[in-house]
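Below is one structure, written out as structure tokens, with a few remarks after it.
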Amino acid sequence: MRIGLLLFPDLTQLDLTGPLEVFTRMAGAEVSLIWKSLELVGSDRGMQIMPSCTFKDARNLDLICVPGGPKQIELMSDDETLNYLRRVSENCGWITSVCTGSLVLAAAGLLDGYRATSHWSSIDQLSLFGAIPVQERVVRDRNRITGAGVTSGIDFALTIAAEFQGECAAKEIQLQTEYDPAPPFKAGSPQSAEPAILAAVKDRIAPFIETRWQASKAAARILGKT
């Protein structure tokens with residue numbers, strides 16, 4: 001199974017490395033980190049990650065996955081990246097994303113008419129592209145599988161592992177990685193967080209979310225959706 005994860009500057013590293021940890025434990029999986037060049041790419045928190053192949057080399061994949069992160073905004077108007085995703089998706093069995101990576105897939109026109117999810121702060125933007133927002137941890141619609149925000153990438157990847165290698169194999173990977181969440185606080189979603197916490201976070205990220213909204217609207221206009 002040939003799996004490609006898109007790597008780009010200022011991505012959220014856990015969007016990428018969470019699924020990567022699971023995918024590389026799948027028997028027989030060939031996992032590539034794909035970007036325009038082979039130069040080191042910096043994540044939004046400073047981690048430097050080395051691509052393993054370029055767009056030109058990663059043409060035949062069984063699964064493509066797009067993570068999210070702050071510079072996802074720029075990717076929505078990056079013709080080279082969007083055209084690559086369109087090309088590789090033509091013969092790709094599974095088209096997937098984690099967090100706001102779904103907005104990049106949407107900007108490429110790959111989620112029109114599909115149920116999908118994203119980070120809670122931006123899931124409503126999917127509707128601009130003709131996608132159907134669904135507030136679930138992992139959403140599957142035909143050959144599209146999308147994960148919600150950041151940590152959901154592990155749930156997403158285990159779903160993929162079960163799809164390709166069976167539930168038993170996925171459970172073994174879950175046990176190997178000791179993925180047994182027991183967070184110290186019940187504050188991991190807008191539904192569970194205290195109102196004051198939710199309000200504070202929304203207020204803090206509001207300017208950035210507005211920037212993302214404007215980028216999504218611009219990308220949707222290019223697709224003729226608005």
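Chain identifiers are assigned as A, B, and so on, following the order in which chains appear in the structure tokens; residues are numbered from 1 within each chain, and ligands are numbered from 1 in order of appearance.
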At a cut-off of 12 Å, using only C-alpha atoms, what residues contact Ile197 of chain A? Leave out same-chain residues fewer than 5 positions from it and give the result as a list in words.
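So the residues in contact are Phe185, Lys186, Ala187, Gly188, Ser189, Pro190, Gln191, Ser192, Lys202, Asp203 and Arg204 of chain A.
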With N, CA and C atoms retained, write the just-selected residues as a PDB file, in the first residue's frame.
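So selection_36.pdb came out as:
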```
ATOM      1  N   PHE A 185      -8.398  16.696  31.516  1.00  0.00           N
ATOM      2  CA  PHE A 185      -9.528  17.622  31.564  1.00  0.00           C
ATOM      3  C   PHE A 185     -10.553  17.249  30.503  1.00  0.00           C
ATOM      4  N   LYS A 186     -11.793  17.507  30.783  1.00  0.00           N
ATOM      5  CA  LYS A 186     -12.858  17.297  29.804  1.00  0.00           C
ATOM      6  C   LYS A 186     -13.093  18.628  29.097  1.00  0.00           C
ATOM      7  N   ALA A 187     -12.182  18.942  28.184  1.00  0.00           N
ATOM      8  CA  ALA A 187     -12.227  20.248  27.526  1.00  0.00           C
ATOM      9  C   ALA A 187     -11.747  20.156  26.080  1.00  0.00           C
ATOM     10  N   GLY A 188     -11.858  18.967  25.475  1.00  0.00           N
ATOM     11  CA  GLY A 188     -11.275  18.744  24.162  1.00  0.00           C
ATOM     12  C   GLY A 188     -12.156  19.072  22.983  1.00  0.00           C
ATOM     13  N   SER A 189     -13.362  19.564  23.217  1.00  0.00           N
ATOM     14  CA  SER A 189     -14.249  19.920  22.111  1.00  0.00           C
ATOM     15  C   SER A 189     -15.153  21.063  22.561  1.00  0.00           C
ATOM     16  N   PRO A 190     -15.762  21.779  21.638  1.00  0.00           N
ATOM     17  CA  PRO A 190     -16.687  22.846  22.038  1.00  0.00           C
ATOM     18  C   PRO A 190     -17.852  22.327  22.877  1.00  0.00           C
ATOM     19  N   GLN A 191     -18.201  21.069  22.677  1.00  0.00           N
ATOM     20  CA  GLN A 191     -19.312  20.494  23.420  1.00  0.00           C
ATOM     21  C   GLN A 191     -18.945  20.186  24.870  1.00  0.00           C
ATOM     22  N   SER A 192     -17.683  19.856  25.124  1.00  0.00           N
ATOM     23  CA  SER A 192     -17.288  19.458  26.471  1.00  0.00           C
ATOM     24  C   SER A 192     -16.585  20.558  27.258  1.00  0.00           C
ATOM     25  N   LYS A 202     -12.117  31.056  21.457  1.00  0.00           N
ATOM     26  CA  LYS A 202     -12.723  31.664  20.266  1.00  0.00           C
ATOM     27  C   LYS A 202     -12.264  33.109  20.094  1.00  0.00           C
ATOM     28  N   ASP A 203     -12.220  33.828  21.188  1.00  0.00           N
ATOM     29  CA  ASP A 203     -11.796  35.225  21.125  1.00  0.00           C
ATOM     30  C   ASP A 203     -10.344  35.336  20.695  1.00  0.00           C
ATOM     31  N   ARG A 204      -9.498  34.439  21.210  1.00  0.00           N
ATOM     32  CA  ARG A 204      -8.070  34.497  20.900  1.00  0.00           C
ATOM     33  C   ARG A 204      -7.794  34.193  19.426  1.00  0.00           C
TER      34      ARG A 204
END
```
Alpha helix (DSSP H) residues, from DSSP on the backbone, in segment 23-217 of chain A, as an mmCIF file with N, CA and C atoms, in the first residue's frame:
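Once everything was written out, this is states_11.cif:
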```
data_model
loop_
_atom_site.group_PDB
_atom_site.id
_atom_site.type_symbol
_atom_site.label_atom_id
_atom_site.label_comp_id
_atom_site.auth_asym_id
_atom_site.auth_seq_id
_atom_site.Cartn_x
_atom_site.Cartn_y
_atom_site.Cartn_z
ATOM 1 N N PHE A 23 0.546 4.700 10.250
ATOM 2 C CA PHE A 23 0.750 4.173 8.897
ATOM 3 C C PHE A 23 2.046 3.380 8.777
ATOM 4 N N GLN A 72 -2.077 26.265 5.668
ATOM 5 C CA GLN A 72 -3.129 25.698 4.821
ATOM 6 C C GLN A 72 -3.841 26.820 4.064
ATOM 7 N N ILE A 73 -3.869 28.002 4.656
ATOM 8 C CA ILE A 73 -4.498 29.151 4.009
ATOM 9 C C ILE A 73 -3.830 29.429 2.661
ATOM 10 N N GLU A 74 -2.500 29.449 2.636
ATOM 11 C CA GLU A 74 -1.784 29.702 1.392
ATOM 12 C C GLU A 74 -1.975 28.579 0.380
ATOM 13 N N LEU A 75 -2.083 27.347 0.874
ATOM 14 C CA LEU A 75 -2.242 26.211 -0.052
ATOM 15 C C LEU A 75 -3.534 26.304 -0.839
ATOM 16 N N ASP A 79 -1.632 26.988 -6.870
ATOM 17 C CA ASP A 79 -2.021 26.170 -8.022
ATOM 18 C C ASP A 79 -1.162 24.917 -8.167
ATOM 19 N N GLU A 80 0.127 25.019 -7.865
ATOM 20 C CA GLU A 80 1.001 23.852 -8.019
ATOM 21 C C GLU A 80 0.556 22.727 -7.094
ATOM 22 N N THR A 81 0.232 23.059 -5.858
ATOM 23 C CA THR A 81 -0.214 22.045 -4.900
ATOM 24 C C THR A 81 -1.601 21.526 -5.257
ATOM 25 N N LEU A 82 -2.524 22.423 -5.560
ATOM 26 C CA LEU A 82 -3.890 22.004 -5.881
ATOM 27 C C LEU A 82 -3.916 21.131 -7.138
ATOM 28 N N ASN A 83 -3.138 21.509 -8.137
ATOM 29 C CA ASN A 83 -3.101 20.706 -9.366
ATOM 30 C C ASN A 83 -2.488 19.331 -9.115
ATOM 31 N N TYR A 84 -1.481 19.289 -8.224
ATOM 32 C CA TYR A 84 -0.914 17.980 -7.872
ATOM 33 C C TYR A 84 -1.965 17.098 -7.214
ATOM 34 N N LEU A 85 -2.714 17.656 -6.273
ATOM 35 C CA LEU A 85 -3.743 16.870 -5.590
ATOM 36 C C LEU A 85 -4.810 16.382 -6.577
ATOM 37 N N ARG A 86 -5.184 17.209 -7.515
ATOM 38 C CA ARG A 86 -6.163 16.793 -8.525
ATOM 39 C C ARG A 86 -5.620 15.648 -9.369
ATOM 40 N N ARG A 87 -4.356 15.774 -9.788
ATOM 41 C CA ARG A 87 -3.764 14.734 -10.638
ATOM 42 C C ARG A 87 -3.632 13.409 -9.894
ATOM 43 N N VAL A 88 -3.067 13.469 -8.700
ATOM 44 C CA VAL A 88 -2.808 12.229 -7.978
ATOM 45 C C VAL A 88 -4.113 11.562 -7.550
ATOM 46 N N SER A 89 -5.159 12.348 -7.346
ATOM 47 C CA SER A 89 -6.441 11.804 -6.902
ATOM 48 C C SER A 89 -7.177 11.042 -7.992
ATOM 49 N N GLY A 101 -6.763 20.305 6.691
ATOM 50 C CA GLY A 101 -6.367 19.745 5.403
ATOM 51 C C GLY A 101 -7.581 19.504 4.515
ATOM 52 N N SER A 102 -8.734 19.297 5.138
ATOM 53 C CA SER A 102 -9.951 19.097 4.344
ATOM 54 C C SER A 102 -10.299 20.341 3.535
ATOM 55 N N LEU A 103 -9.952 21.526 4.035
ATOM 56 C CA LEU A 103 -10.203 22.748 3.275
ATOM 57 C C LEU A 103 -9.317 22.823 2.031
ATOM 58 N N VAL A 104 -8.134 22.240 2.113
ATOM 59 C CA VAL A 104 -7.261 22.184 0.936
ATOM 60 C C VAL A 104 -7.848 21.228 -0.104
ATOM 61 N N LEU A 105 -8.298 20.054 0.359
ATOM 62 C CA LEU A 105 -8.981 19.141 -0.570
ATOM 63 C C LEU A 105 -10.190 19.823 -1.193
ATOM 64 N N ALA A 106 -10.940 20.563 -0.375
ATOM 65 C CA ALA A 106 -12.128 21.250 -0.876
ATOM 66 C C ALA A 106 -11.756 22.301 -1.908
ATOM 67 N N ALA A 107 -10.670 23.043 -1.662
ATOM 68 C CA ALA A 107 -10.234 24.066 -2.603
ATOM 69 C C ALA A 107 -9.774 23.460 -3.924
ATOM 70 N N SER A 152 -7.247 13.973 16.357
ATOM 71 C CA SER A 152 -8.127 12.999 15.699
ATOM 72 C C SER A 152 -7.402 12.272 14.572
ATOM 73 N N GLY A 153 -6.225 12.786 14.175
ATOM 74 C CA GLY A 153 -5.456 12.115 13.130
ATOM 75 C C GLY A 153 -5.100 10.686 13.492
ATOM 76 N N ILE A 154 -4.950 10.407 14.785
ATOM 77 C CA ILE A 154 -4.652 9.032 15.197
ATOM 78 C C ILE A 154 -5.880 8.154 15.013
ATOM 79 N N ASP A 155 -7.047 8.640 15.424
ATOM 80 C CA ASP A 155 -8.293 7.895 15.202
ATOM 81 C C ASP A 155 -8.509 7.651 13.716
ATOM 82 N N PHE A 156 -8.276 8.690 12.937
ATOM 83 C CA PHE A 156 -8.403 8.617 11.480
ATOM 84 C C PHE A 156 -7.498 7.521 10.910
ATOM 85 N N ALA A 157 -6.238 7.521 11.336
ATOM 86 C CA ALA A 157 -5.280 6.554 10.792
ATOM 87 C C ALA A 157 -5.612 5.123 11.210
ATOM 88 N N LEU A 158 -6.101 4.946 12.427
ATOM 89 C CA LEU A 158 -6.512 3.609 12.856
ATOM 90 C C LEU A 158 -7.718 3.133 12.051
ATOM 91 N N THR A 159 -8.596 4.061 11.667
ATOM 92 C CA THR A 159 -9.709 3.722 10.784
ATOM 93 C C THR A 159 -9.198 3.228 9.443
ATOM 94 N N ILE A 160 -8.172 3.895 8.919
ATOM 95 C CA ILE A 160 -7.547 3.472 7.662
ATOM 96 C C ILE A 160 -6.917 2.085 7.823
ATOM 97 N N ALA A 161 -6.195 1.886 8.924
ATOM 98 C CA ALA A 161 -5.536 0.594 9.163
ATOM 99 C C ALA A 161 -6.553 -0.532 9.193
ATOM 100 N N ALA A 162 -7.684 -0.305 9.845
ATOM 101 C CA ALA A 162 -8.726 -1.327 9.909
ATOM 102 C C ALA A 162 -9.320 -1.601 8.533
ATOM 103 N N GLU A 163 -9.459 -0.554 7.731
ATOM 104 C CA GLU A 163 -10.022 -0.691 6.386
ATOM 105 C C GLU A 163 -9.132 -1.571 5.507
ATOM 106 N N PHE A 164 -7.836 -1.380 5.608
ATOM 107 C CA PHE A 164 -6.909 -2.076 4.719
ATOM 108 C C PHE A 164 -6.424 -3.413 5.269
ATOM 109 N N GLN A 165 -6.264 -3.507 6.590
ATOM 110 C CA GLN A 165 -5.632 -4.701 7.136
ATOM 111 C C GLN A 165 -6.471 -5.403 8.188
ATOM 112 N N GLU A 167 -9.622 -5.184 11.448
ATOM 113 C CA GLU A 167 -9.750 -4.600 12.778
ATOM 114 C C GLU A 167 -8.700 -5.123 13.745
ATOM 115 N N CYS A 168 -8.360 -6.399 13.620
ATOM 116 C CA CYS A 168 -7.376 -6.981 14.535
ATOM 117 C C CYS A 168 -6.026 -6.286 14.393
ATOM 118 N N ALA A 169 -5.601 -6.061 13.139
ATOM 119 C CA ALA A 169 -4.322 -5.394 12.901
ATOM 120 C C ALA A 169 -4.345 -3.974 13.441
ATOM 121 N N ALA A 170 -5.460 -3.285 13.261
ATOM 122 C CA ALA A 170 -5.577 -1.916 13.773
ATOM 123 C C ALA A 170 -5.512 -1.898 15.299
ATOM 124 N N LYS A 171 -6.152 -2.865 15.928
ATOM 125 C CA LYS A 171 -6.115 -2.944 17.390
ATOM 126 C C LYS A 171 -4.702 -3.227 17.893
ATOM 127 N N GLU A 172 -3.961 -4.045 17.162
ATOM 128 C CA GLU A 172 -2.586 -4.314 17.562
ATOM 129 C C GLU A 172 -1.741 -3.040 17.506
ATOM 130 N N ILE A 173 -1.947 -2.236 16.458
ATOM 131 C CA ILE A 173 -1.221 -0.970 16.361
ATOM 132 C C ILE A 173 -1.620 -0.039 17.508
ATOM 133 N N GLN A 174 -2.906 -0.012 17.810
ATOM 134 C CA GLN A 174 -3.372 0.825 18.916
ATOM 135 C C GLN A 174 -2.718 0.404 20.227
ATOM 136 N N LEU A 175 -2.590 -0.894 20.430
ATOM 137 C CA LEU A 175 -1.958 -1.386 21.656
ATOM 138 C C LEU A 175 -0.463 -1.096 21.654
ATOM 139 N N GLN A 176 0.197 -1.291 20.512
ATOM 140 C CA GLN A 176 1.634 -1.019 20.422
ATOM 141 C C GLN A 176 1.944 0.429 20.775
ATOM 142 N N PRO A 195 -17.984 26.867 29.144
ATOM 143 C CA PRO A 195 -18.309 28.039 28.319
ATOM 144 C C PRO A 195 -17.250 29.135 28.364
ATOM 145 N N ALA A 196 -16.681 29.377 29.534
ATOM 146 C CA ALA A 196 -15.677 30.438 29.647
ATOM 147 C C ALA A 196 -14.402 30.083 28.876
ATOM 148 N N ILE A 197 -14.028 28.812 28.926
ATOM 149 C CA ILE A 197 -12.844 28.356 28.182
ATOM 150 C C ILE A 197 -13.089 28.470 26.685
ATOM 151 N N LEU A 198 -14.253 28.009 26.251
ATOM 152 C CA LEU A 198 -14.597 28.076 24.836
ATOM 153 C C LEU A 198 -14.606 29.521 24.349
ATOM 154 N N ALA A 199 -15.189 30.406 25.123
ATOM 155 C CA ALA A 199 -15.258 31.817 24.743
ATOM 156 C C ALA A 199 -13.865 32.430 24.642
ATOM 157 N N ALA A 200 -12.990 32.080 25.592
ATOM 158 C CA ALA A 200 -11.636 32.628 25.590
ATOM 159 C C ALA A 200 -10.855 32.175 24.366
ATOM 160 N N VAL A 201 -10.979 30.893 24.014
ATOM 161 C CA VAL A 201 -10.262 30.371 22.847
ATOM 162 C C VAL A 201 -10.809 30.981 21.567
ATOM 163 N N LYS A 202 -12.117 31.056 21.457
ATOM 164 C CA LYS A 202 -12.723 31.664 20.266
ATOM 165 C C LYS A 202 -12.264 33.109 20.094
ATOM 166 N N ASP A 203 -12.220 33.828 21.188
ATOM 167 C CA ASP A 203 -11.796 35.225 21.125
ATOM 168 C C ASP A 203 -10.344 35.336 20.695
ATOM 169 N N ARG A 204 -9.498 34.439 21.210
ATOM 170 C CA ARG A 204 -8.070 34.497 20.900
ATOM 171 C C ARG A 204 -7.794 34.193 19.426
ATOM 172 N N ILE A 205 -8.538 33.248 18.848
ATOM 173 C CA ILE A 205 -8.247 32.830 17.474
ATOM 174 C C ILE A 205 -9.121 33.542 16.436
ATOM 175 N N ALA A 206 -10.007 34.413 16.885
ATOM 176 C CA ALA A 206 -10.955 35.052 15.973
ATOM 177 C C ALA A 206 -10.294 35.755 14.787
ATOM 178 N N PRO A 207 -9.222 36.544 14.979
ATOM 179 C CA PRO A 207 -8.605 37.210 13.821
ATOM 180 C C PRO A 207 -8.069 36.219 12.786
ATOM 181 N N PHE A 208 -7.452 35.140 13.271
ATOM 182 C CA PHE A 208 -6.930 34.136 12.339
ATOM 183 C C PHE A 208 -8.060 33.413 11.604
ATOM 184 N N ILE A 209 -9.140 33.089 12.313
ATOM 185 C CA ILE A 209 -10.262 32.407 11.673
ATOM 186 C C ILE A 209 -10.901 33.293 10.610
ATOM 187 N N GLU A 210 -10.949 34.594 10.860
ATOM 188 C CA GLU A 210 -11.474 35.518 9.851
ATOM 189 C C GLU A 210 -10.579 35.509 8.605
ATOM 190 N N THR A 211 -9.265 35.457 8.825
ATOM 191 C CA THR A 211 -8.338 35.363 7.688
ATOM 192 C C THR A 211 -8.582 34.082 6.897
ATOM 193 N N ARG A 212 -8.796 32.988 7.608
ATOM 194 C CA ARG A 212 -9.075 31.717 6.941
ATOM 195 C C ARG A 212 -10.395 31.779 6.172
ATOM 196 N N TRP A 213 -11.409 32.416 6.776
ATOM 197 C CA TRP A 213 -12.697 32.591 6.093
ATOM 198 C C TRP A 213 -12.506 33.310 4.761
ATOM 199 N N GLN A 214 -11.760 34.387 4.784
ATOM 200 C CA GLN A 214 -11.560 35.154 3.558
ATOM 201 C C GLN A 214 -10.816 34.335 2.503
ATOM 202 N N ALA A 215 -9.844 33.539 2.945
ATOM 203 C CA ALA A 215 -9.113 32.674 2.017
ATOM 204 C C ALA A 215 -10.028 31.596 1.445
ATOM 205 N N SER A 216 -10.898 31.046 2.287
ATOM 206 C CA SER A 216 -11.834 30.029 1.813
ATOM 207 C C SER A 216 -12.818 30.612 0.801
ATOM 208 N N LYS A 217 -13.303 31.805 1.097
ATOM 209 C CA LYS A 217 -14.232 32.449 0.166
ATOM 210 C C LYS A 217 -13.571 32.705 -1.183
#
```
task = Could you pull out the residues in segment 6-131 of chain A that DSSP calls strand (DSSP E) from the backbone, as a VMD selection string?
result = chain A and resid 6 30 to 35 41 to 42 48 to 49 53 to 54 63 to 66 94 to 98 115 to 116
Those residues you just picked out, can you put them in a file as an mmCIF file, in the first residue's frame with C-alpha atoms?
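Final output, saved to selection.cif:
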```
data_model
loop_
_atom_site.group_PDB
_atom_site.id
_atom_site.type_symbol
_atom_site.label_atom_id
_atom_site.label_comp_id
_atom_site.auth_asym_id
_atom_site.auth_seq_id
_atom_site.Cartn_x
_atom_site.Cartn_y
_atom_site.Cartn_z
ATOM 1 C CA LEU A 6 1.505 16.110 2.024
ATOM 2 C CA GLU A 30 5.182 2.404 1.881
ATOM 3 C CA VAL A 31 4.808 5.865 3.382
ATOM 4 C CA SER A 32 6.102 9.014 1.677
ATOM 5 C CA LEU A 33 6.283 12.626 2.837
ATOM 6 C CA ILE A 34 5.608 14.714 -0.248
ATOM 7 C CA TRP A 35 6.471 18.321 -1.049
ATOM 8 C CA VAL A 41 10.189 21.940 5.945
ATOM 9 C CA GLY A 42 9.451 23.717 9.222
ATOM 10 C CA GLN A 48 12.011 20.505 10.941
ATOM 11 C CA ILE A 49 10.779 17.631 8.770
ATOM 12 C CA CYS A 53 9.850 12.711 -2.435
ATOM 13 C CA THR A 54 8.518 15.513 -4.627
ATOM 14 C CA LEU A 63 -3.920 6.956 -0.421
ATOM 15 C CA ILE A 64 -3.177 10.658 -0.242
ATOM 16 C CA CYS A 65 -3.518 12.523 3.054
ATOM 17 C CA VAL A 66 -3.460 16.284 3.534
ATOM 18 C CA TRP A 94 -8.486 7.001 -0.962
ATOM 19 C CA ILE A 95 -8.479 10.795 -0.689
ATOM 20 C CA THR A 96 -8.098 11.869 2.921
ATOM 21 C CA SER A 97 -7.225 14.674 5.311
ATOM 22 C CA VAL A 98 -6.729 15.649 8.918
ATOM 23 C CA ARG A 115 -19.634 14.571 3.818
ATOM 24 C CA ALA A 116 -16.493 15.751 5.589
#
```
Closest of A:Pro184, A:Gly224, A:Gly166, A:Gly46 to Phe129 of chain A, counting only C-alpha atoms, is A:Gly224
Query - Pick from A:His119, A:Lys56, A:Lys71, A:Arg221, whichever lies nearest to Val138 of chain A using only C-alpha atoms - result: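 Result for the nearest residue to Val138 of chain A: A:His119.
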>> Rounded to one decimal, what separation in Å do you get between atom CA of Pro19 of chain A and atom CA of Met47 of chain A?
In response: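 If I compute the distance from atom CA of Pro19 of chain A to atom CA of Met47 of chain A, I get 16.4 Å.
Distance annotation: of A:Gly149, A:Pro133, A:Gly28, A:Gly68, the residue with the minimal separation from Ile3 of chain A is A:Gly28; atom set is only C-alpha atoms.
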